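Everything on this sheet refers to the single structure shown next.
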Amino acid sequence: MRRLSIAIAGLLLAVAALAAWGAAPSAGKVAGGAAPVAKPKLPPKPKRSKLPAEVRQRGKWVIGVKCDFAPFGFIDAGGKNDGYDVEVARRFAQLAFGSKTKLELVCVTTPSRIPTLQSKRVDIIVSTLTWTKARTEVIAYSIPYYSATGRLLVPNNSQIRSVRDLGSKTIVTTRGALYAAWTRNCFKNSKLLEVDSPALAVAAVKNGTADTFMFDDAFLLGVATQDRTLKLTNDKFLAIPWGVGIRKGEGAMAAWVNTAIRYMRAHDEFAKILKGVGRRTGAPSSLINSFLGTVPRPNNRFTYPFGKDPVSDCTSR
């Protein structure tokens, strides 16, 4: 009985101490009331009223995405759109209308995406669009939402080790890609082969039509992982961010998209999207984590090389 009394007394003392601690003055306490709970300030969500009129009235986005560019835009085994860019587009729909289904996805290719945007068949393009000076003359860009690096895909028995070995070699890439312009400008002794899809470029390397496929690292890494007859060289080049493509003069569209990207960056949503796509495509965690530095995060931002024309800069070869 004595031990029980001591235990009860101890408990009462603890409760009293806790009450005293809770009643102690604290920063921001309102006189005569409990201290308010400080809520973190979050970036404002894009407001529906800020949407461009045609998008708001339609009640859904119409967005151009790649359908042949895993893991950024592709058609999965069930016949549905998937990929990093696709998930960004779906998040835009959710932020604008409260549902990821308020969205129509239009398949575009590297050469067709800007004409599709300019013809107003889509509102915007989220389609692995690397920033280039030439493209800024015909369309506008959002702030960056990804940053890719160029790599070379070669057969396992290739003697190509870096871009310095490309003299007299045939380089394949997709039509309209920045790598095509860089090859024309900086590899005068090489032959350029342009094809309409990444799949055709991979086939060209495998059948010997081309010596190497020059393209974005994320796509090529997936190819090399799945096809053990091919490998990547170690050198990297043309590290330039991607942006959402917007028609020139559409200020309301640009403002909404940029606000959405800032909100998603502040909440680390791009990393979550990347991890989710990686898991669905079967990529190992170590591989997914190696690409986390390529997406905008609260402490990781990208800028475009304004004032420069990277595809004309041959010093980085």
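Ligands are numbered from 1 in the order shown, residues from 1 within each chain, and chains are lettered A, B, ... in the order they appear in the structure tokens.
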
Using backbone DSSP assignments, extract all strand (DSSP E) residues from region 69-302 of chain A; output them as a PyMOL selection string. chain A and resi 69+73-75+81-82+103-108+124-125+140-141+146-155+170-174+191-195+212-216+230-232+237-242+245-246

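Excluding region 293-307 of chain A and any residue on its chain fewer than 2 positions from it, the residues at most 8 Å away by only C-alpha atoms are Trp131, Lys133, Ile143, Pro144, Tyr145, Tyr146, Ser147, Ala148, Ile240, Pro241, Arg265, Ala266, His267, Asp268, Glu269, Phe270, Ala271, Ser290, Phe291, Asp309 and Pro310 of chain A.
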
Among region 61-228 of chain A, which residues does DSSP mark as helix (DSSP H, G or I) when it is run on the backbone? Keep the chain and numbering as in the structure and answer as a ChimeraX atom specification. /A:84-97,113-118,133-136,163-165,178-186,198-206,217-226

Identify, on the basis of only C-alpha atoms, every residue whose closest approach to Arg151 (chain A) does not exceed 9 Å; exclude the query and any residue fewer than 4 positions from it along the same chain; express the result as a CSV table (one decimal) with N, CA and C atoms, in the first residue's frame.
```csv
chain,number,residue,atom,x,y,z
A,162,SER,N,34.9,8.6,-75.7
A,162,SER,CA,34.4,9.9,-75.4
A,162,SER,C,34.1,10.6,-76.7
A,213,PHE,N,24.9,6.5,-80.4
A,213,PHE,CA,23.6,7.2,-80.2
A,213,PHE,C,23.9,8.3,-79.2
A,214,MET,N,23.8,9.6,-79.6
A,214,MET,CA,24.0,10.7,-78.6
A,214,MET,C,22.7,11.2,-78.2
A,215,PHE,N,22.5,11.1,-76.8
A,215,PHE,CA,21.1,11.5,-76.3
A,215,PHE,C,21.2,11.8,-74.8
A,216,ASP,N,20.0,12.0,-74.2
A,216,ASP,CA,19.9,12.3,-72.8
A,216,ASP,C,20.2,11.0,-72.0
A,217,ASP,N,20.9,11.3,-70.9
A,217,ASP,CA,21.5,10.2,-70.1
A,217,ASP,C,20.4,9.3,-69.5
A,220,LEU,N,19.2,6.8,-72.2
A,220,LEU,CA,20.2,5.9,-72.6
A,220,LEU,C,20.6,4.9,-71.5
A,221,LEU,N,20.5,5.4,-70.2
A,221,LEU,CA,20.8,4.5,-69.1
A,221,LEU,C,19.8,3.3,-69.1
A,232,LEU,N,27.2,2.6,-72.0
A,232,LEU,CA,27.4,4.0,-72.0
A,232,LEU,C,28.9,4.4,-71.8
A,233,THR,N,29.4,5.4,-72.5
A,233,THR,CA,30.7,5.9,-72.2
A,233,THR,C,30.6,6.7,-71.0
A,234,ASN,N,31.8,7.1,-70.4
A,234,ASN,CA,31.7,7.7,-69.1
A,234,ASN,C,31.6,9.3,-69.2
A,235,ASP,N,31.9,9.8,-70.3
A,235,ASP,CA,31.9,11.3,-70.4
A,235,ASP,C,30.5,11.8,-70.5
A,236,LYS,N,30.3,13.1,-69.9
A,236,LYS,CA,29.0,13.7,-70.0
A,236,LYS,C,29.2,15.1,-70.6
A,237,PHE,N,28.1,15.6,-71.2
A,237,PHE,CA,28.2,16.9,-71.9
A,237,PHE,C,26.8,17.5,-72.0
A,238,LEU,N,26.8,18.8,-72.4
A,238,LEU,CA,25.5,19.5,-72.6
A,238,LEU,C,24.5,19.3,-71.4
```

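The space separating CA of Leu95 (chain A) from CA of Thr149 (chain A) comes to 29.3 Å.
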
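Considering the residues A:Pro71, A:Gly208, A:Ala177, A:Ser168 and counting only C-alpha atoms, Glu194 (chain A) has its shortest atom-to-atom contact with A:Ala177.
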
Which residues are close to Val138 (chain A), i.e. within 12 Å by only C-alpha atoms, leaving aside same-chain residues fewer than 2 positions away? Reply as number ranges by chain. A: 114-115, 117-118, 131-136, 140-141, 245-249

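When only C-alpha atoms are used to measure the gap to Lys231 (chain A), the shortest distance among A:Asn258, A:Asn156, A:Ser286, A:Asn81 belongs to A:Asn156.
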
For a quick check of understanding, using only C-alpha atoms, which of A:Ala77, A:Ile261, A:Ala93, A:Met253 has the smallest distance to Glu54 (chain A)? A:Met253

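Of the residues listed (A:Lys60, A:Lys80, A:Arg164, A:Arg262), A:Arg164 shows the shortest atom-to-atom separation from Cys186 (chain A); distances use only C-alpha atoms.
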
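With only C-alpha atoms as the atoms that count, the minimum distance from Phe72 (chain A) to the choices A:Gly276, A:Gly243, A:Ala89, A:Ser127 is reached by A:Ser127.
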